[in-house]
Amino acid sequence: MSHPSQLGFQDAASPVMEELLHFHDHALMIVFLISTFVLYIMVAMVSTSLTNKFLLDSQEIEIIWTILPAIILILIALPSLRILYLMDEINDPHLTIKAVGHQWYWSYEYTDYEDLGFDSYMIPTQDLSPGQFRLLEADHRMVIPVESPIRMLISADDVLHSWTVPALGVKMDAVPGRLNQTAFITSRPGVFYGQCSEICGANHSFMPIVVEAVPLTHFENWSLMMLQDA
């Protein structure tokens with residue numbers, strides 16, 4: 001959960017998000033070193049009038065400033081490609097959930113169950129209970145078991161939407177007539193908030209996503225209760 005004046009990312013709640021945070025720090029350090037070096041060169045050139053005839057025409061220096069950026073790009077590209085492939089891996093999911101975006105709410109279908117599905121609407125500000133978050137709470141949360149591979153099938157019923165939960169490192173477009181797929185694993189119990197990240201009309205800001213990760217026994221009890229109420 002983000003908080004006011006926060007500068008960094010939310011705390012990671014999935015292995016993929018942890019990898020993304022590590023890659024962010026890795027790339028940021030490279031950018032910081034390059035910026036420091038360029039700043040030093042600029043200050044040195046402005047503040048000194050000394051010249052070196054061997055630096056005016058040097059094949060060795062030209063080779064260095066051609067090869068060094070290529071090495072830096074490789075140091076950034078290889079971890080990035082690794083994470084991209086990790087994000088596409090879907091190995092034997094324990095649960096499959098279909099999320100369909102509508103104007104302006106989400107509907108969820110637990111496809112491993114015969115009749116388990118519901119619509120998830122934002123709770124209006126005047127109906128919020130103490131401690132609940134404005135514009136982020138939904139009347140029905142998407143409940144999942146913790147430490148279990150979850151496969152998400154994401155589509156839309158009308159216009160473009162985007163199913164996004166930052167703490168889980170998940171962001172997938174919901175396209176009408178198309179079924180997109182992604183997967184994640186929650187590494188700890190908790191409630192994780194997200195919002196539609198594709199401008200989808202007048203109430204785009206009012207279709208939150210709430211994912212609640214609970215132990216397996218609690219999830220089984222919840223699913224039985226939902227099936228009985230259906």
# chains A, B, ... in the order shown; residues from 1 in each chain; ligands from 1
>>> closest_atom_pairs(of="range 83-143 of chain A", to="range 17-37 of chain A", cutoff="12 Å", atoms="only C-alpha atoms", output="JSON lines")
{"residue": "A:Ile83", "atom": "CA", "partner": "A:Glu19", "partner_atom": "CA", "distance": 7.0}
{"residue": "A:Leu84", "atom": "CA", "partner": "A:Leu20", "partner_atom": "CA", "distance": 9.7}
{"residue": "A:Tyr85", "atom": "CA", "partner": "A:Glu19", "partner_atom": "CA", "distance": 11.8}
{"residue": "A:Leu86", "atom": "CA", "partner": "A:Glu19", "partner_atom": "CA", "distance": 9.3}
{"residue": "A:Met87", "atom": "CA", "partner": "A:Met17", "partner_atom": "CA", "distance": 9.5}
>>> write_last_selection(atoms="C-alpha atoms", output="PDB file, in the first residue's frame")
ATOM      1  CA  ILE A  83      12.722 -10.724 -15.794  1.00  0.00           C
ATOM      2  CA  LEU A  84      10.629 -10.512 -18.980  1.00  0.00           C
ATOM      3  CA  TYR A  85      10.865 -14.274 -19.412  1.00  0.00           C
ATOM      4  CA  LEU A  86      10.122 -14.825 -15.704  1.00  0.00           C
ATOM      5  CA  MET A  87       6.962 -12.736 -16.021  1.00  0.00           C
TER       6      MET A  87
END
>>> residues_around(residues="Val170 in chain A", least_positions_apart="4", cutoff="10 Å", atoms="only C-alpha atoms", output="list of chain:residue names")
A:Ser14, A:Val16, A:Met17, A:Met87, A:Met152, A:Ser162, A:Trp163, A:Thr164, A:Val165, A:Pro166, A:Thr182, A:Ala183, A:Phe184, A:Gly194
>>> closest_residue(among="A:Phe9, A:Tyr193, A:Tyr121, A:Tyr108", to="Ala138 in chain A", atoms="only C-alpha atoms")
A:Tyr121
>>> select_by_dssp(residues="range 8-225 of chain A", states="strand (DSSP E)", output="ChimeraX atom specification")
/A:95-102,105-110,117-120,142-145,150-156,161-165,170-174,180-184,190-195,208-214
>>> select_by_dssp(residues="range 13-91 of chain A", states="helix (DSSP H, G or I)", output="compact mmCIF listing (two decimals) with N, CA and C atoms, in the first residue's frame")
# COMPACT_ATOMS: atom_id res chain seq x y z
N PRO A 15 7.37 -12.72 -5.85
CA PRO A 15 8.76 -12.86 -6.29
C PRO A 15 9.09 -12.02 -7.52
N VAL A 16 8.16 -11.88 -8.45
CA VAL A 16 8.43 -11.08 -9.65
C VAL A 16 8.61 -9.61 -9.29
N MET A 17 7.80 -9.11 -8.38
CA MET A 17 7.95 -7.71 -7.98
C MET A 17 9.27 -7.49 -7.27
N GLU A 18 9.73 -8.46 -6.49
CA GLU A 18 11.04 -8.35 -5.86
C GLU A 18 12.14 -8.25 -6.91
N GLU A 19 12.03 -9.06 -7.98
CA GLU A 19 13.00 -8.98 -9.06
C GLU A 19 12.95 -7.63 -9.75
N LEU A 20 11.76 -7.09 -9.94
CA LEU A 20 11.63 -5.78 -10.57
C LEU A 20 12.25 -4.68 -9.72
N LEU A 21 12.09 -4.78 -8.41
CA LEU A 21 12.71 -3.79 -7.52
C LEU A 21 14.22 -3.87 -7.58
N HIS A 22 14.77 -5.10 -7.60
CA HIS A 22 16.22 -5.26 -7.70
C HIS A 22 16.74 -4.71 -9.02
N PHE A 23 16.00 -4.95 -10.11
CA PHE A 23 16.44 -4.44 -11.41
C PHE A 23 16.37 -2.91 -11.44
N HIS A 24 15.35 -2.35 -10.82
CA HIS A 24 15.24 -0.89 -10.74
C HIS A 24 16.45 -0.30 -10.03
N ASP A 25 16.84 -0.89 -8.90
CA ASP A 25 17.99 -0.39 -8.16
C ASP A 25 19.28 -0.56 -8.98
N HIS A 26 19.38 -1.68 -9.67
CA HIS A 26 20.56 -1.94 -10.51
C HIS A 26 20.69 -0.89 -11.62
N ALA A 27 19.59 -0.65 -12.35
CA ALA A 27 19.62 0.32 -13.44
C ALA A 27 19.83 1.74 -12.92
N LEU A 28 19.21 2.05 -11.77
CA LEU A 28 19.35 3.39 -11.21
C LEU A 28 20.79 3.67 -10.80
N MET A 29 21.48 2.67 -10.28
CA MET A 29 22.88 2.87 -9.90
C MET A 29 23.75 3.12 -11.13
N ILE A 30 23.48 2.41 -12.22
CA ILE A 30 24.23 2.64 -13.46
C ILE A 30 23.98 4.06 -13.97
N VAL A 31 22.74 4.49 -13.96
CA VAL A 31 22.41 5.85 -14.41
C VAL A 31 23.09 6.89 -13.50
N PHE A 32 23.10 6.62 -12.21
CA PHE A 32 23.74 7.55 -11.26
C PHE A 32 25.24 7.66 -11.55
N LEU A 33 25.91 6.54 -11.79
CA LEU A 33 27.35 6.57 -12.08
C LEU A 33 27.64 7.31 -13.38
N ILE A 34 26.82 7.06 -14.41
CA ILE A 34 27.03 7.74 -15.70
C ILE A 34 26.81 9.24 -15.53
N SER A 35 25.76 9.62 -14.82
CA SER A 35 25.47 11.05 -14.63
C SER A 35 26.60 11.74 -13.86
N THR A 36 27.13 11.04 -12.85
CA THR A 36 28.24 11.62 -12.07
C THR A 36 29.48 11.80 -12.95
N PHE A 37 29.77 10.81 -13.78
CA PHE A 37 30.94 10.90 -14.66
C PHE A 37 30.79 12.02 -15.67
N VAL A 38 29.61 12.14 -16.28
CA VAL A 38 29.37 13.20 -17.26
C VAL A 38 29.46 14.57 -16.59
N LEU A 39 28.91 14.70 -15.40
CA LEU A 39 28.99 15.96 -14.68
C LEU A 39 30.44 16.33 -14.38
N TYR A 40 31.24 15.35 -13.98
CA TYR A 40 32.66 15.60 -13.71
C TYR A 40 33.37 16.09 -14.98
N ILE A 41 33.11 15.44 -16.10
CA ILE A 41 33.76 15.84 -17.36
C ILE A 41 33.36 17.27 -17.73
N MET A 42 32.08 17.61 -17.58
CA MET A 42 31.63 18.95 -17.93
C MET A 42 32.29 20.00 -17.03
N VAL A 43 32.35 19.73 -15.74
CA VAL A 43 32.99 20.68 -14.82
C VAL A 43 34.47 20.82 -15.13
N ALA A 44 35.12 19.69 -15.42
CA ALA A 44 36.55 19.73 -15.73
C ALA A 44 36.83 20.53 -17.00
N MET A 45 35.96 20.37 -18.01
CA MET A 45 36.18 21.10 -19.27
C MET A 45 35.96 22.59 -19.10
N VAL A 46 35.00 22.97 -18.26
CA VAL A 46 34.71 24.38 -18.08
C VAL A 46 35.73 25.06 -17.17
N SER A 47 36.23 24.34 -16.19
CA SER A 47 37.06 24.96 -15.16
C SER A 47 38.55 24.93 -15.44
N LYS A 53 47.63 17.17 -26.18
CA LYS A 53 47.62 16.87 -27.62
C LYS A 53 47.33 15.40 -27.89
N PHE A 54 47.60 14.52 -26.91
CA PHE A 54 47.34 13.09 -27.13
C PHE A 54 45.84 12.76 -26.99
N LEU A 55 45.08 13.65 -26.38
CA LEU A 55 43.64 13.42 -26.26
C LEU A 55 42.85 14.00 -27.43
N LEU A 56 43.48 14.83 -28.25
CA LEU A 56 42.78 15.44 -29.37
C LEU A 56 42.55 14.44 -30.49
N GLN A 59 43.01 6.93 -31.10
CA GLN A 59 42.21 5.76 -31.46
C GLN A 59 41.81 4.96 -30.22
N GLU A 60 42.69 4.93 -29.24
CA GLU A 60 42.39 4.13 -28.05
C GLU A 60 41.17 4.66 -27.31
N ILE A 61 41.12 6.00 -27.17
CA ILE A 61 39.98 6.60 -26.47
C ILE A 61 38.69 6.37 -27.26
N GLU A 62 38.74 6.47 -28.58
CA GLU A 62 37.55 6.24 -29.39
C GLU A 62 37.07 4.79 -29.25
N ILE A 63 37.99 3.86 -29.16
CA ILE A 63 37.60 2.46 -28.95
C ILE A 63 36.93 2.29 -27.59
N ILE A 64 37.50 2.96 -26.57
CA ILE A 64 36.94 2.84 -25.21
C ILE A 64 35.52 3.41 -25.17
N TRP A 65 35.32 4.62 -25.72
CA TRP A 65 33.98 5.21 -25.60
C TRP A 65 32.98 4.62 -26.60
N THR A 66 33.42 3.70 -27.43
CA THR A 66 32.48 2.93 -28.24
C THR A 66 32.12 1.61 -27.54
N ILE A 67 33.12 0.94 -26.97
CA ILE A 67 32.88 -0.37 -26.35
C ILE A 67 32.22 -0.24 -24.98
N LEU A 68 32.64 0.77 -24.19
CA LEU A 68 32.10 0.90 -22.84
C LEU A 68 30.58 1.08 -22.80
N PRO A 69 29.98 1.96 -23.65
CA PRO A 69 28.50 2.03 -23.64
C PRO A 69 27.84 0.71 -24.04
N ALA A 70 28.47 -0.03 -24.95
CA ALA A 70 27.90 -1.33 -25.35
C ALA A 70 27.89 -2.29 -24.17
N ILE A 71 28.98 -2.28 -23.38
CA ILE A 71 29.03 -3.14 -22.20
C ILE A 71 27.96 -2.74 -21.18
N ILE A 72 27.78 -1.43 -21.01
CA ILE A 72 26.76 -0.94 -20.07
C ILE A 72 25.37 -1.37 -20.51
N LEU A 73 25.09 -1.28 -21.82
CA LEU A 73 23.79 -1.71 -22.33
C LEU A 73 23.56 -3.19 -22.11
N ILE A 74 24.61 -4.00 -22.25
CA ILE A 74 24.48 -5.44 -22.00
C ILE A 74 24.18 -5.70 -20.53
N LEU A 75 24.84 -4.95 -19.64
CA LEU A 75 24.60 -5.11 -18.20
C LEU A 75 23.16 -4.75 -17.82
N ILE A 76 22.53 -3.89 -18.61
CA ILE A 76 21.13 -3.54 -18.36
C ILE A 76 20.19 -4.52 -19.06
N ALA A 77 20.53 -4.92 -20.28
CA ALA A 77 19.62 -5.73 -21.09
C ALA A 77 19.47 -7.15 -20.56
N LEU A 78 20.56 -7.77 -20.13
CA LEU A 78 20.48 -9.17 -19.71
C LEU A 78 19.55 -9.38 -18.51
N PRO A 79 19.69 -8.61 -17.41
CA PRO A 79 18.71 -8.77 -16.32
C PRO A 79 17.28 -8.44 -16.74
N SER A 80 17.14 -7.46 -17.63
CA SER A 80 15.81 -7.08 -18.09
C SER A 80 15.15 -8.23 -18.86
N LEU A 81 15.88 -8.86 -19.76
CA LEU A 81 15.33 -9.99 -20.52
C LEU A 81 14.99 -11.15 -19.60
N ARG A 82 15.84 -11.37 -18.59
CA ARG A 82 15.57 -12.45 -17.64
C ARG A 82 14.23 -12.24 -16.94
N ILE A 83 13.97 -11.00 -16.49
CA ILE A 83 12.72 -10.72 -15.79
C ILE A 83 11.54 -10.83 -16.76
N LEU A 84 11.71 -10.40 -18.01
CA LEU A 84 10.63 -10.51 -18.98
C LEU A 84 10.21 -11.96 -19.17
N TYR A 85 11.19 -12.86 -19.26
CA TYR A 85 10.87 -14.27 -19.41
C TYR A 85 10.25 -14.83 -18.13
N LEU A 86 10.72 -14.37 -16.97
CA LEU A 86 10.12 -14.83 -15.70
C LEU A 86 8.65 -14.40 -15.61
N MET A 87 8.33 -13.22 -16.10
CA MET A 87 6.96 -12.74 -16.02
C MET A 87 6.03 -13.50 -16.95
N ASP A 88 6.58 -14.13 -17.99
CA ASP A 88 5.76 -14.91 -18.92
C ASP A 88 5.64 -16.37 -18.53
>>> closest_residue(among="A:Val211, A:Ile97, A:Ala202, A:Val143", to="Leu179 in chain A", atoms="only C-alpha atoms")
A:Ile97
